[in-house]
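Text of the file coords.txt, holding compact mmCIF, C-alpha atoms:
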# COMPACT_ATOMS: atom_id res chain seq x y z
CA MET A 191 88.12 61.28 -65.50
CA THR A 192 89.48 57.77 -65.84
CA LYS A 193 92.33 56.19 -63.96
CA ASP A 194 94.50 56.35 -67.10
CA SER A 195 93.66 59.93 -68.02
CA PRO A 196 96.42 62.56 -67.87
CA ASP A 197 94.46 64.58 -65.27
CA HIS A 198 94.23 61.62 -62.89
CA PHE A 199 97.93 60.87 -63.29
CA SER A 200 98.87 64.49 -62.58
CA LYS A 201 96.80 64.62 -59.41
CA THR A 202 98.14 61.28 -58.17
CA GLU A 203 101.72 62.30 -58.97
CA HIS A 204 101.25 65.66 -57.21
CA LYS A 205 99.86 63.95 -54.10
CA GLU A 206 102.85 61.55 -54.03
CA LYS A 207 105.29 64.46 -54.29
CA ARG A 208 103.66 66.14 -51.28
CA VAL A 209 103.90 62.93 -49.24
CA GLU A 210 107.65 62.57 -49.89
CA PRO A 211 108.81 65.56 -47.80
CA VAL A 212 106.58 64.43 -44.91
CA LYS A 213 108.19 60.99 -44.94
CA ILE A 214 111.63 62.57 -45.07
CA TRP A 215 110.72 64.89 -42.20
CA ASN A 216 109.59 61.83 -40.26
CA ALA A 217 112.87 60.10 -41.15
CA GLN A 218 114.80 63.12 -39.84
CA LYS A 219 112.79 62.98 -36.61
CA TYR A 220 113.48 59.25 -36.32
CA ILE A 221 117.21 59.89 -36.78
CA ALA A 222 117.21 62.65 -34.15
CA GLU A 223 115.47 60.37 -31.66
CA ASN A 224 117.61 57.30 -32.39
CA SER A 225 121.01 58.61 -33.50
CA ASP A 226 122.63 57.55 -30.23
CA GLU A 227 122.00 53.93 -31.25
CA LYS A 228 123.32 51.97 -34.19
CA ILE A 229 121.13 53.16 -37.04
CA SER A 230 121.09 52.20 -40.69
CA LEU A 231 119.38 53.35 -43.85
CA THR A 232 117.50 50.04 -43.88
CA ASP A 233 116.25 50.59 -40.32
CA VAL A 234 114.94 54.05 -41.11
CA ALA A 235 113.46 52.98 -44.45
CA ARG A 236 111.62 50.12 -42.75
CA ALA A 237 110.26 52.51 -40.09
CA MET A 238 109.06 54.88 -42.84
CA GLY A 239 107.54 52.11 -44.97
CA MET A 240 109.87 52.79 -47.89
CA SER A 241 112.61 50.90 -49.68
CA ALA A 242 116.15 51.83 -48.69
CA THR A 243 116.93 52.90 -52.26
CA HIS A 244 113.90 55.17 -52.47
CA LEU A 245 114.59 56.70 -49.07
CA SER A 246 118.21 57.33 -49.99
CA GLU A 247 117.27 59.12 -53.21
CA LYS A 248 114.49 61.20 -51.67
CA PHE A 249 116.47 61.96 -48.52
CA LYS A 250 119.29 63.51 -50.56
CA GLU A 251 116.78 65.35 -52.77
CA VAL A 252 114.93 66.89 -49.82
CA THR A 253 117.78 67.51 -47.34
CA GLY A 254 120.65 68.18 -49.74
CA MET A 255 122.89 65.61 -48.07
CA ASN A 256 123.14 61.85 -48.09
CA PHE A 257 121.86 59.70 -45.26
CA VAL A 258 125.24 58.77 -43.77
CA ARG A 259 126.40 62.38 -43.66
CA TYR A 260 123.11 63.47 -42.11
CA VAL A 261 123.38 60.89 -39.31
CA ALA A 262 127.02 61.82 -38.67
CA ARG A 263 126.07 65.49 -38.49
CA ALA A 264 123.20 64.79 -36.05
CA ARG A 265 125.62 62.91 -33.80
CA PHE A 266 128.21 65.68 -34.15
CA GLU A 267 125.69 68.33 -33.03
CA LYS A 268 124.78 66.31 -29.92
CA ALA A 269 128.48 65.77 -29.14
CA ARG A 270 129.23 69.47 -29.50
CA THR A 271 126.68 70.22 -26.81
CA LEU A 272 127.98 67.49 -24.50
CA LEU A 273 131.58 68.69 -24.83
CA HIS A 274 130.67 71.66 -22.65
CA ASP A 275 130.23 69.26 -19.74
CA VAL A 276 133.84 68.83 -18.57
CA ASP A 277 132.83 65.96 -16.28
CA LEU A 278 132.20 63.75 -19.32
CA ARG A 279 135.18 62.10 -20.98
CA ILE A 280 135.44 62.51 -24.73
CA THR A 281 135.28 58.73 -25.15
CA GLU A 282 132.01 58.64 -23.19
CA ILE A 283 130.56 61.37 -25.40
CA ALA A 284 131.60 59.61 -28.61
CA PHE A 285 129.79 56.41 -27.68
CA ALA A 286 126.86 58.18 -26.01
CA VAL A 287 125.95 59.99 -29.24
CA GLY A 288 126.20 56.84 -31.36
CA PHE A 289 129.66 56.70 -32.88
CA GLN A 290 130.99 53.16 -33.13
CA SER A 291 134.61 54.10 -32.38
CA LEU A 292 136.61 56.97 -30.95
CA SER A 293 138.63 57.29 -34.16
CA GLN A 294 135.43 57.61 -36.21
CA PHE A 295 134.19 60.30 -33.81
CA ASN A 296 137.46 62.23 -33.97
CA ARG A 297 137.56 62.03 -37.77
CA VAL A 298 133.96 63.22 -38.22
CA PHE A 299 134.30 65.95 -35.60
CA LYS A 300 137.48 67.33 -37.15
CA LYS A 301 135.97 67.21 -40.64
CA LEU A 302 132.85 69.10 -39.57
CA CYS A 303 134.44 71.49 -37.09
CA GLY A 304 137.99 71.98 -38.28
CA GLN A 305 139.44 70.93 -34.94
CA SER A 306 139.47 67.87 -32.71
CA PRO A 307 136.96 67.43 -29.89
CA THR A 308 139.77 68.08 -27.39
CA GLU A 309 140.75 71.32 -29.14
CA TYR A 310 137.09 72.36 -29.31
CA ARG A 311 136.63 71.70 -25.61
CA THR A 312 139.86 73.54 -24.72
CA ALA A 313 138.65 76.56 -26.68
CA ASN A 314 135.50 76.29 -24.55
CA GLY A 315 133.35 75.95 -27.65
CA LYS A 316 134.18 79.47 -28.80
CA HIS A 317 135.56 78.19 -32.11
CA LYS A 318 133.03 78.51 -34.92
CA CYS A 319 132.67 75.15 -36.62
CA ARG A 320 132.24 74.94 -40.38
CA VAL A 321 128.71 73.59 -40.17
Please lay out the structure from this file as structure tokens.
Amino acid sequence: MTKDSPDHFSKTEHKEKRVEPVKIWNAQKYIAENSDEKISLTDVARAMGMSATHLSEKFKEVTGMNFVRYVARARFEKARTLLHDVDLRITEIAFAVGFQSLSQFNRVFKKLCGQSPTEYRTANGKHKCRV
């Protein structure tokens, strides 16, 4: 079997396809561990040894959502948990989970949950969010 033979190409292509989900899983883990900091597609791509374009395409293919939405959702999930601690101010939570502004946090939270963080907290987290 030569390097240019169809069999070699198929095996190489198959191996590359198996590697992709592992890199995306590692990217998801990286996001989970670093989502409370400013994080960009370029940062994650660099950490995974991929180009930002390639990561973006494969990330959407594997996870079903784009990178920005995935990061926002990871931050939202952390915030939802922290909202149960009434000693933390909503502003503190927003910045602690990685949102760059309170308005961005409120917008994302309402979009994903159907109510504001304050409304969610008042309902004691009993409201079922859309996600």
Notebook entry, point to check: For the atom pair CA of Ile214 (chain A) and CA of Arg297 (chain A), what is the interatomic distance in Å to one decimal place?
Noted result: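 Going from CA of Ile214 (chain A) over to CA of Arg297 (chain A), I get 26.9 Å.
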Checklist line | Of the listed residues A:Val261, A:Arg311, A:Glu251, A:Ser246, that which approaches Gln218 (chain A) most closely, counting all atoms listed in the file | finding: A:Val261
Find the nearest atom pair between each residue of region 257-284 of chain A and region 225-241 of chain A for residues within 9 Å, count all atoms listed in the file, give distances in Å to one decimal, sort rows by chain and ascending number, and present the table as a Markdown table.
| residue | atom | partner | partner_atom | distance |
| --- | --- | --- | --- | --- |
| A:Phe257 | CA | A:Leu231 | CA | 7.0 |
| A:Val258 | CA | A:Leu231 | CA | 8.0 |
| A:Val261 | CA | A:Ser225 | CA | 6.7 |
| A:Ala262 | CA | A:Ser225 | CA | 8.6 |
| A:Ala264 | CA | A:Ser225 | CA | 7.0 |
| A:Arg265 | CA | A:Ser225 | CA | 6.3 |
Notebook entry, point to check: So how many Å separate CA of Glu210 (chain A) and CA of Lys248 (chain A), to one decimal?
Noted result: 7.2 Å
Notebook entry, point to check: In Å to one decimal, how far is CA of Thr308 (chain A) from CA of Ile280 (chain A)?
Noted result: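 The value is 7.5 Å.
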Margin query: Distance cut-off 12 Å, centre (122.5, 67.3, -35.4) in file coordinates, counting all atoms listed in the file: which residues qualify? Return them as a PyMOL selection string.
Written below: chain A and resi 218-219+221-226+259-271+287-288+299+302+321
Selected residues, C-alpha atoms, written as a short mmCIF file (atom, residue, chain, number, x, y, z; two decimals), in the coordinates of the input, please.
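Saved file part-v1.cif follows:
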data_model
loop_
_atom_site.label_atom_id
_atom_site.label_comp_id
_atom_site.auth_asym_id
_atom_site.auth_seq_id
_atom_site.Cartn_x
_atom_site.Cartn_y
_atom_site.Cartn_z
CA GLN A 218 114.80 63.12 -39.84
CA LYS A 219 112.79 62.98 -36.61
CA ILE A 221 117.21 59.89 -36.78
CA ALA A 222 117.21 62.65 -34.15
CA GLU A 223 115.47 60.37 -31.66
CA ASN A 224 117.61 57.30 -32.39
CA SER A 225 121.01 58.61 -33.50
CA ASP A 226 122.63 57.55 -30.23
CA ARG A 259 126.40 62.38 -43.66
CA TYR A 260 123.11 63.47 -42.11
CA VAL A 261 123.38 60.89 -39.31
CA ALA A 262 127.02 61.82 -38.67
CA ARG A 263 126.07 65.49 -38.49
CA ALA A 264 123.20 64.79 -36.05
CA ARG A 265 125.62 62.91 -33.80
CA PHE A 266 128.21 65.68 -34.15
CA GLU A 267 125.69 68.33 -33.03
CA LYS A 268 124.78 66.31 -29.92
CA ALA A 269 128.48 65.77 -29.14
CA ARG A 270 129.23 69.47 -29.50
CA THR A 271 126.68 70.22 -26.81
CA VAL A 287 125.95 59.99 -29.24
CA GLY A 288 126.20 56.84 -31.36
CA PHE A 299 134.30 65.95 -35.60
CA LEU A 302 132.85 69.10 -39.57
CA VAL A 321 128.71 73.59 -40.17
#
Next item on the list: Measuring atom to atom with all atoms listed in the file, identify which of A:Pro211, A:Ile283, A:Val298, A:His274 is nearest to Glu247 (chain A).
Entry: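 Distance minimum relative to Glu247 (chain A) lands on A:Pro211.
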Notebook entry, point to check: Counting all atoms listed in the file, which of A:Trp215, A:Thr281, A:Tyr220, A:Cys319 gets nearest to Cys303 (chain A)?
Noted result: A:Cys319
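Nearest residue to Leu292 (chain A), choosing from A:His244, A:Lys213, A:Asn256, A:Arg279 and counting all atoms listed in the file: A:Arg279.
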